[in-house]
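> This is the content of protein16.cif (mmCIF, N, CA and C atoms and all ligand atoms):
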data_work
#
loop_
_atom_site.label_atom_id
_atom_site.label_comp_id
_atom_site.auth_asym_id
_atom_site.auth_seq_id
_atom_site.Cartn_x
_atom_site.Cartn_y
_atom_site.Cartn_z
N MET L 121 2.46 30.47 -40.97
CA MET L 121 2.06 31.39 -39.89
C MET L 121 1.13 30.72 -38.88
N ARG L 122 0.18 30.04 -39.41
CA ARG L 122 -0.85 29.50 -38.52
C ARG L 122 -0.30 28.61 -37.39
N PRO L 123 0.58 27.65 -37.74
CA PRO L 123 1.09 26.78 -36.65
C PRO L 123 1.71 27.59 -35.52
N THR L 124 2.43 28.62 -35.87
CA THR L 124 3.08 29.44 -34.85
C THR L 124 2.05 30.13 -33.96
N VAL L 125 1.03 30.64 -34.61
CA VAL L 125 -0.01 31.33 -33.84
C VAL L 125 -0.69 30.34 -32.90
N LEU L 126 -0.97 29.19 -33.47
CA LEU L 126 -1.63 28.17 -32.65
C LEU L 126 -0.77 27.79 -31.46
N LEU L 127 0.53 27.60 -31.73
CA LEU L 127 1.45 27.22 -30.66
C LEU L 127 1.51 28.31 -29.59
N ALA L 128 1.57 29.57 -30.06
CA ALA L 128 1.65 30.69 -29.12
C ALA L 128 0.42 30.71 -28.22
N ALA L 129 -0.69 30.33 -28.81
CA ALA L 129 -1.92 30.33 -28.01
C ALA L 129 -1.94 29.14 -27.05
N LEU L 130 -1.34 28.04 -27.48
CA LEU L 130 -1.39 26.82 -26.67
C LEU L 130 -0.45 26.85 -25.48
N VAL L 131 0.73 27.44 -25.66
CA VAL L 131 1.74 27.37 -24.61
C VAL L 131 1.25 27.93 -23.27
N PRO L 132 0.67 29.13 -23.26
CA PRO L 132 0.18 29.62 -21.96
C PRO L 132 -0.90 28.72 -21.38
N LEU L 133 -1.71 28.18 -22.29
CA LEU L 133 -2.78 27.30 -21.84
C LEU L 133 -2.21 26.05 -21.16
N LEU L 134 -1.20 25.45 -21.83
CA LEU L 134 -0.57 24.26 -21.27
C LEU L 134 0.12 24.58 -19.94
N ALA L 135 0.78 25.73 -19.93
CA ALA L 135 1.48 26.12 -18.71
C ALA L 135 0.49 26.29 -17.57
N ALA L 136 -0.64 26.89 -17.87
CA ALA L 136 -1.64 27.09 -16.84
C ALA L 136 -2.19 25.76 -16.35
N THR L 137 -2.40 24.86 -17.29
CA THR L 137 -2.92 23.54 -16.93
C THR L 137 -1.92 22.79 -16.05
N ALA L 138 -0.63 22.87 -16.46
CA ALA L 138 0.40 22.19 -15.69
C ALA L 138 0.49 22.76 -14.28
N LEU L 139 0.34 24.07 -14.19
CA LEU L 139 0.43 24.72 -12.89
C LEU L 139 -0.73 24.28 -11.99
N ARG L 140 -1.92 24.29 -12.57
CA ARG L 140 -3.07 23.85 -11.79
C ARG L 140 -2.87 22.40 -11.33
N GLY L 141 -2.35 21.61 -12.27
CA GLY L 141 -2.15 20.19 -11.95
C GLY L 141 -1.19 20.01 -10.79
N SER L 142 -0.08 20.77 -10.81
CA SER L 142 0.89 20.59 -9.75
C SER L 142 0.38 21.15 -8.43
N GLU L 143 -0.40 22.21 -8.52
CA GLU L 143 -0.97 22.74 -7.28
C GLU L 143 -1.91 21.72 -6.65
N ALA L 144 -2.74 21.14 -7.48
CA ALA L 144 -3.68 20.14 -6.98
C ALA L 144 -2.93 18.96 -6.40
N CYS L 145 -1.86 18.59 -7.08
CA CYS L 145 -1.08 17.44 -6.64
C CYS L 145 -0.48 17.68 -5.27
N CYS L 146 0.10 18.90 -5.08
CA CYS L 146 0.85 19.15 -3.84
C CYS L 146 -0.06 19.54 -2.69
N ALA L 147 -1.20 20.12 -3.03
CA ALA L 147 -2.07 20.58 -1.95
C ALA L 147 -2.95 19.44 -1.44
N THR L 148 -3.28 18.50 -2.30
CA THR L 148 -4.28 17.49 -1.93
C THR L 148 -3.81 16.48 -0.88
N PRO L 149 -2.64 15.85 -1.05
CA PRO L 149 -2.31 14.76 -0.12
C PRO L 149 -2.30 15.14 1.35
N PRO L 150 -1.63 16.25 1.75
CA PRO L 150 -1.61 16.53 3.19
C PRO L 150 -3.01 16.75 3.75
N ALA L 151 -3.88 17.36 2.95
CA ALA L 151 -5.24 17.63 3.44
C ALA L 151 -6.07 16.36 3.43
N ALA L 152 -5.90 15.53 2.40
CA ALA L 152 -6.79 14.39 2.23
C ALA L 152 -6.39 13.19 3.08
N THR L 153 -5.11 13.02 3.32
CA THR L 153 -4.68 11.80 4.01
C THR L 153 -5.22 11.71 5.43
N PRO L 154 -5.11 12.77 6.25
CA PRO L 154 -5.67 12.64 7.60
C PRO L 154 -7.18 12.45 7.56
N ALA L 155 -7.83 13.11 6.62
CA ALA L 155 -9.28 12.97 6.52
C ALA L 155 -9.66 11.55 6.16
N ALA L 156 -8.93 10.98 5.20
CA ALA L 156 -9.23 9.62 4.76
C ALA L 156 -8.98 8.64 5.89
N THR L 157 -7.91 8.87 6.65
CA THR L 157 -7.59 7.97 7.76
C THR L 157 -8.69 8.02 8.81
N THR L 158 -9.14 9.24 9.12
CA THR L 158 -10.21 9.38 10.10
C THR L 158 -11.46 8.68 9.63
N GLU L 159 -11.75 8.87 8.36
CA GLU L 159 -12.94 8.24 7.79
C GLU L 159 -12.87 6.72 7.91
N ALA L 160 -11.69 6.19 7.56
CA ALA L 160 -11.51 4.73 7.60
C ALA L 160 -11.66 4.23 9.03
N ALA L 161 -11.09 4.98 9.98
CA ALA L 161 -11.17 4.57 11.38
C ALA L 161 -12.62 4.57 11.85
N GLU L 162 -13.35 5.59 11.45
CA GLU L 162 -14.76 5.67 11.84
C GLU L 162 -15.55 4.52 11.24
N THR L 163 -15.25 4.22 9.98
CA THR L 163 -15.94 3.12 9.31
C THR L 163 -15.66 1.81 10.03
N THR L 164 -14.39 1.59 10.40
CA THR L 164 -14.02 0.36 11.08
C THR L 164 -14.72 0.28 12.44
N ALA L 165 -14.74 1.40 13.14
CA ALA L 165 -15.35 1.41 14.46
C ALA L 165 -16.85 1.15 14.37
N ALA L 166 -17.44 1.56 13.26
CA ALA L 166 -18.89 1.41 13.11
C ALA L 166 -19.26 0.01 12.67
N LYS L 167 -18.28 -0.77 12.22
CA LYS L 167 -18.57 -2.09 11.64
C LYS L 167 -19.37 -3.03 12.54
N PRO L 168 -19.03 -3.16 13.83
CA PRO L 168 -19.77 -4.13 14.64
C PRO L 168 -21.27 -3.89 14.62
N ALA L 169 -21.67 -2.63 14.56
CA ALA L 169 -23.09 -2.32 14.52
C ALA L 169 -23.73 -2.77 13.21
N GLU L 170 -22.90 -2.95 12.19
CA GLU L 170 -23.41 -3.36 10.88
C GLU L 170 -23.44 -4.87 10.74
N GLY L 171 -23.00 -5.58 11.75
CA GLY L 171 -22.96 -7.03 11.66
C GLY L 171 -24.35 -7.62 11.68
N HIS L 172 -24.44 -8.83 11.17
CA HIS L 172 -25.72 -9.50 11.10
C HIS L 172 -25.66 -10.76 11.95
N PRO L 173 -26.63 -10.95 12.84
CA PRO L 173 -26.65 -12.17 13.65
C PRO L 173 -26.79 -13.38 12.74
N LEU L 174 -26.03 -14.40 13.05
CA LEU L 174 -26.03 -15.60 12.21
C LEU L 174 -26.17 -16.83 13.09
N ARG L 175 -26.94 -17.77 12.61
CA ARG L 175 -27.02 -19.10 13.24
C ARG L 175 -26.63 -20.12 12.20
N GLY L 176 -25.83 -21.08 12.62
CA GLY L 176 -25.43 -22.08 11.64
C GLY L 176 -24.64 -23.20 12.26
N VAL L 177 -24.03 -23.98 11.41
CA VAL L 177 -23.22 -25.11 11.84
C VAL L 177 -21.90 -25.07 11.09
N ILE L 178 -20.81 -25.28 11.82
CA ILE L 178 -19.49 -25.37 11.18
C ILE L 178 -19.42 -26.72 10.46
N VAL L 179 -19.31 -26.70 9.17
CA VAL L 179 -19.22 -27.97 8.44
C VAL L 179 -17.80 -28.24 7.96
N GLY L 180 -16.92 -27.26 8.15
CA GLY L 180 -15.53 -27.49 7.77
C GLY L 180 -14.64 -26.43 8.39
N VAL L 181 -13.42 -26.81 8.76
CA VAL L 181 -12.43 -25.87 9.30
C VAL L 181 -11.26 -25.84 8.33
N LEU L 182 -11.09 -24.70 7.67
CA LEU L 182 -10.03 -24.59 6.66
C LEU L 182 -8.91 -23.70 7.21
N ALA L 183 -8.04 -24.30 8.01
CA ALA L 183 -7.00 -23.54 8.69
C ALA L 183 -6.11 -22.79 7.70
N GLU L 184 -5.80 -23.42 6.57
CA GLU L 184 -4.89 -22.80 5.61
C GLU L 184 -5.50 -21.56 4.97
N ARG L 185 -6.80 -21.39 5.09
CA ARG L 185 -7.45 -20.19 4.54
C ARG L 185 -8.01 -19.31 5.65
N SER L 186 -7.69 -19.63 6.91
CA SER L 186 -8.22 -18.89 8.06
C SER L 186 -9.73 -18.73 7.95
N SER L 187 -10.37 -19.79 7.52
CA SER L 187 -11.80 -19.71 7.25
C SER L 187 -12.54 -20.92 7.79
N LEU L 188 -13.81 -20.69 8.05
CA LEU L 188 -14.70 -21.79 8.40
C LEU L 188 -15.72 -21.94 7.28
N LEU L 189 -16.03 -23.18 6.99
CA LEU L 189 -17.13 -23.45 6.08
C LEU L 189 -18.37 -23.59 6.96
N VAL L 190 -19.30 -22.69 6.77
CA VAL L 190 -20.45 -22.62 7.66
C VAL L 190 -21.74 -22.77 6.87
N LYS L 191 -22.57 -23.69 7.35
CA LYS L 191 -23.92 -23.82 6.79
C LYS L 191 -24.82 -22.96 7.66
N HIS L 192 -25.28 -21.84 7.11
CA HIS L 192 -26.03 -20.92 7.96
C HIS L 192 -27.49 -20.79 7.53
N GLU L 193 -28.29 -20.39 8.51
CA GLU L 193 -29.70 -20.15 8.23
C GLU L 193 -29.84 -18.85 7.45
N GLU L 194 -31.05 -18.60 6.95
CA GLU L 194 -31.29 -17.35 6.23
C GLU L 194 -31.00 -16.15 7.13
N ILE L 195 -30.38 -15.14 6.55
CA ILE L 195 -30.16 -13.88 7.25
C ILE L 195 -31.02 -12.86 6.51
N PRO L 196 -32.18 -12.55 7.08
CA PRO L 196 -33.17 -11.73 6.34
C PRO L 196 -32.55 -10.43 5.84
N GLY L 197 -32.73 -10.18 4.57
CA GLY L 197 -32.25 -8.96 3.96
C GLY L 197 -30.78 -9.01 3.58
N VAL L 198 -30.09 -10.08 3.94
CA VAL L 198 -28.66 -10.17 3.65
C VAL L 198 -28.37 -11.31 2.69
N MET L 199 -28.72 -12.51 3.12
CA MET L 199 -28.53 -13.64 2.21
C MET L 199 -29.41 -14.80 2.63
N ARG L 200 -29.68 -15.64 1.66
CA ARG L 200 -30.49 -16.82 1.93
C ARG L 200 -29.68 -17.86 2.70
N ALA L 201 -30.35 -18.88 3.15
CA ALA L 201 -29.63 -19.97 3.81
C ALA L 201 -28.68 -20.62 2.81
N MET L 202 -27.46 -20.89 3.26
CA MET L 202 -26.46 -21.47 2.35
C MET L 202 -25.27 -21.99 3.15
N THR L 203 -24.39 -22.66 2.43
CA THR L 203 -23.11 -23.05 3.02
C THR L 203 -22.03 -22.21 2.37
N MET L 204 -21.25 -21.52 3.17
CA MET L 204 -20.26 -20.60 2.62
C MET L 204 -19.00 -20.54 3.47
N LEU L 205 -17.95 -20.03 2.87
CA LEU L 205 -16.67 -19.86 3.53
C LEU L 205 -16.64 -18.49 4.21
N LEU L 206 -16.27 -18.48 5.47
CA LEU L 206 -16.23 -17.22 6.22
C LEU L 206 -14.90 -17.10 6.93
N LYS L 207 -14.26 -15.95 6.82
CA LYS L 207 -12.97 -15.72 7.46
C LYS L 207 -13.17 -15.51 8.97
N VAL L 208 -12.23 -16.03 9.73
CA VAL L 208 -12.27 -15.86 11.19
C VAL L 208 -10.86 -15.55 11.69
N ASP L 209 -10.79 -15.01 12.93
CA ASP L 209 -9.47 -14.73 13.49
C ASP L 209 -8.85 -16.04 14.00
N ALA L 210 -7.59 -15.97 14.38
CA ALA L 210 -6.84 -17.18 14.73
C ALA L 210 -7.43 -17.91 15.93
N ASP L 211 -7.89 -17.17 16.94
CA ASP L 211 -8.46 -17.80 18.13
C ASP L 211 -9.74 -18.57 17.78
N THR L 212 -10.56 -17.92 16.98
CA THR L 212 -11.81 -18.57 16.57
C THR L 212 -11.52 -19.82 15.77
N LEU L 213 -10.54 -19.70 14.89
CA LEU L 213 -10.16 -20.83 14.05
C LEU L 213 -9.70 -22.01 14.91
N ALA L 214 -8.87 -21.69 15.93
CA ALA L 214 -8.32 -22.74 16.78
C ALA L 214 -9.41 -23.43 17.60
N ALA L 215 -10.45 -22.67 17.96
CA ALA L 215 -11.51 -23.23 18.80
C ALA L 215 -12.60 -23.91 17.99
N ALA L 216 -12.59 -23.68 16.69
CA ALA L 216 -13.68 -24.19 15.86
C ALA L 216 -13.63 -25.71 15.73
N LYS L 217 -14.82 -26.30 15.80
CA LYS L 217 -14.92 -27.76 15.63
C LYS L 217 -15.97 -28.07 14.57
N LYS L 218 -15.61 -29.00 13.72
CA LYS L 218 -16.54 -29.44 12.69
C LYS L 218 -17.83 -29.96 13.33
N ASP L 219 -18.94 -29.69 12.71
CA ASP L 219 -20.28 -30.11 13.14
C ASP L 219 -20.78 -29.36 14.37
N GLN L 220 -20.06 -28.31 14.78
CA GLN L 220 -20.47 -27.53 15.95
C GLN L 220 -21.51 -26.48 15.53
N PRO L 221 -22.70 -26.53 16.14
CA PRO L 221 -23.66 -25.45 15.90
C PRO L 221 -23.18 -24.17 16.59
N ILE L 222 -23.39 -23.06 15.95
CA ILE L 222 -22.88 -21.78 16.48
C ILE L 222 -23.89 -20.65 16.27
N THR L 223 -23.70 -19.63 17.08
CA THR L 223 -24.24 -18.32 16.74
C THR L 223 -23.03 -17.42 16.53
N ALA L 224 -23.19 -16.39 15.71
CA ALA L 224 -22.06 -15.52 15.41
C ALA L 224 -22.58 -14.23 14.80
N THR L 225 -21.64 -13.33 14.54
CA THR L 225 -21.97 -12.09 13.86
C THR L 225 -21.29 -12.09 12.49
N LEU L 226 -22.09 -11.89 11.46
CA LEU L 226 -21.58 -11.88 10.10
C LEU L 226 -21.24 -10.44 9.71
N LEU L 227 -20.03 -10.23 9.24
CA LEU L 227 -19.57 -8.89 8.88
C LEU L 227 -19.03 -8.87 7.47
N LYS L 228 -19.40 -7.85 6.71
CA LYS L 228 -18.84 -7.65 5.37
C LYS L 228 -17.66 -6.71 5.50
N LYS L 229 -16.46 -7.21 5.18
CA LYS L 229 -15.27 -6.36 5.18
C LYS L 229 -14.78 -6.22 3.75
N ALA L 230 -13.74 -5.38 3.59
CA ALA L 230 -13.22 -5.12 2.25
C ALA L 230 -12.74 -6.40 1.58
N ASP L 231 -12.23 -7.35 2.39
CA ASP L 231 -11.67 -8.57 1.80
C ASP L 231 -12.65 -9.73 1.84
N GLY L 232 -13.90 -9.45 2.17
CA GLY L 232 -14.88 -10.52 2.11
C GLY L 232 -15.70 -10.63 3.38
N TRP L 233 -16.38 -11.74 3.52
CA TRP L 233 -17.25 -11.96 4.68
C TRP L 233 -16.46 -12.54 5.83
N TRP L 234 -16.68 -11.99 7.00
CA TRP L 234 -16.03 -12.44 8.23
C TRP L 234 -17.08 -12.87 9.23
N LEU L 235 -16.65 -13.77 10.11
CA LEU L 235 -17.49 -14.22 11.19
C LEU L 235 -16.84 -13.81 12.50
N GLN L 236 -17.58 -13.12 13.35
CA GLN L 236 -17.05 -12.69 14.64
C GLN L 236 -17.99 -13.14 15.76
N ASP L 237 -17.49 -13.05 16.99
CA ASP L 237 -18.28 -13.42 18.16
C ASP L 237 -18.88 -14.82 18.01
N VAL L 238 -18.07 -15.73 17.52
CA VAL L 238 -18.55 -17.10 17.32
C VAL L 238 -18.74 -17.78 18.67
N LYS L 239 -19.95 -18.26 18.91
CA LYS L 239 -20.24 -18.94 20.18
C LYS L 239 -20.87 -20.29 19.88
N PRO L 240 -20.36 -21.34 20.50
CA PRO L 240 -20.98 -22.64 20.30
C PRO L 240 -22.36 -22.68 20.97
N VAL L 241 -23.29 -23.35 20.35
CA VAL L 241 -24.62 -23.51 20.96
C VAL L 241 -24.96 -25.00 20.92
N GLU L 242 -25.76 -25.41 21.90
CA GLU L 242 -26.21 -26.79 21.90
C GLU L 242 -27.36 -26.90 20.90
N PRO L 243 -27.44 -28.00 20.20
CA PRO L 243 -28.59 -28.20 19.30
C PRO L 243 -29.88 -28.15 20.11
N ALA L 244 -30.92 -27.59 19.54
CA ALA L 244 -32.21 -27.53 20.22
C ALA L 244 -32.62 -28.93 20.69
N ALA L 245 -33.01 -29.03 21.97
CA ALA L 245 -33.25 -30.34 22.56
C ALA L 245 -34.71 -30.75 22.47
N SER L 246 -35.48 -30.13 21.62
CA SER L 246 -36.90 -30.46 21.55
C SER L 246 -37.24 -31.38 20.42
CU CU L 301 -24.10 -16.94 3.06
#
So that I can check it, write out the structure of this file as structure tokens.


Amino acid sequence: MRPTVLLAALVPLLAATALRGSEACCATPPAATPAATTEAAETTAAKPAEGHPLRGVIVGVLAERSSLLVKHEEIPGVMRAMTMLLKVDADTLAAAKKDQPITATLLKKADGWWLQDVKPVEPAAS
């Protein structure tokens, strides 16, 4: 007797759970997708303001990784002085020259650290 009673009690419970699950499944994506897209767009648009000014020297150009090896000065509150690999866009990569001192904007993106607004600077003449 007991198993039957237990089953009888469980079936409506399972059915209710399944129903809630399917409702959540079907109702969530249409509502969440536009919101998530808007959020992502806002985050991307806000990124330049989150960039950190960087001074350093290009010590290597790694075209196959779309990256520059940059020896940079300390970026207060972000990272100590170091030599690191930074992703750049194709134009920046093409213009980059080894041993070139630069100023740039350091950005943290989902796929790692990027360097933007790379500008060559002359070494201090003093
Ligand atoms: Cu660094």

> Please identify every residue of chain L that has at least one atom no farther than 6 Å from an atom of ligand CU 301 (chain L), counting all atoms listed in the file, and for each give the shortest atom pair and the distance in Å to one decimal, arranged by chain then increasing number, as a tab-separated table.


residue	atom	partner	partner_atom	distance
L:Met199	CA	L:CU301	CU	5.6
L:Arg200	C	L:CU301	CU	5.7
L:Ala201	C	L:CU301	CU	5.9
L:Met202	CA	L:CU301	CU	5.2
L:Thr203	C	L:CU301	CU	5.7
L:Met204	CA	L:CU301	CU	5.3

> Within 6.5 Å of segment 226-229 of chain L, counting all atoms listed in the file, which residues qualify if same-chain residues fewer than 2 places away don't, as a list in words?

Glu170, Gly171, His172, Pro173, Leu174, Ala224, Asp231, Gly232, Trp233, Trp234, Leu235 and Gln236 of chain L

> Rounded to one decimal in Å, what is the spacing between atom CA of Asp211 of chain L and atom N of Val198 of chain L?

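Spanning atom CA of Asp211 of chain L to atom N of Val198 of chain L is a straight-line distance of 27.0 Å.
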
> Using only C-alpha atoms, determine which residues lie at most 8 Å from segment 216-220 of chain L, disregarding the query and same-chain residues fewer than 3 positions distant; provide the list as a list in words.

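Final neighbour list, sorted by chain and number: Val177, Ile178, Val179, Gly180, Val181, Leu188, Thr212, Leu213, Pro240 and Val241 of chain L.
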
> Rounded to one decimal in Å, what is the spacing between atom N of Ala214 of chain L and atom N of Glu193 of chain L?

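Here the two named atoms are 20.8 Å from each other.
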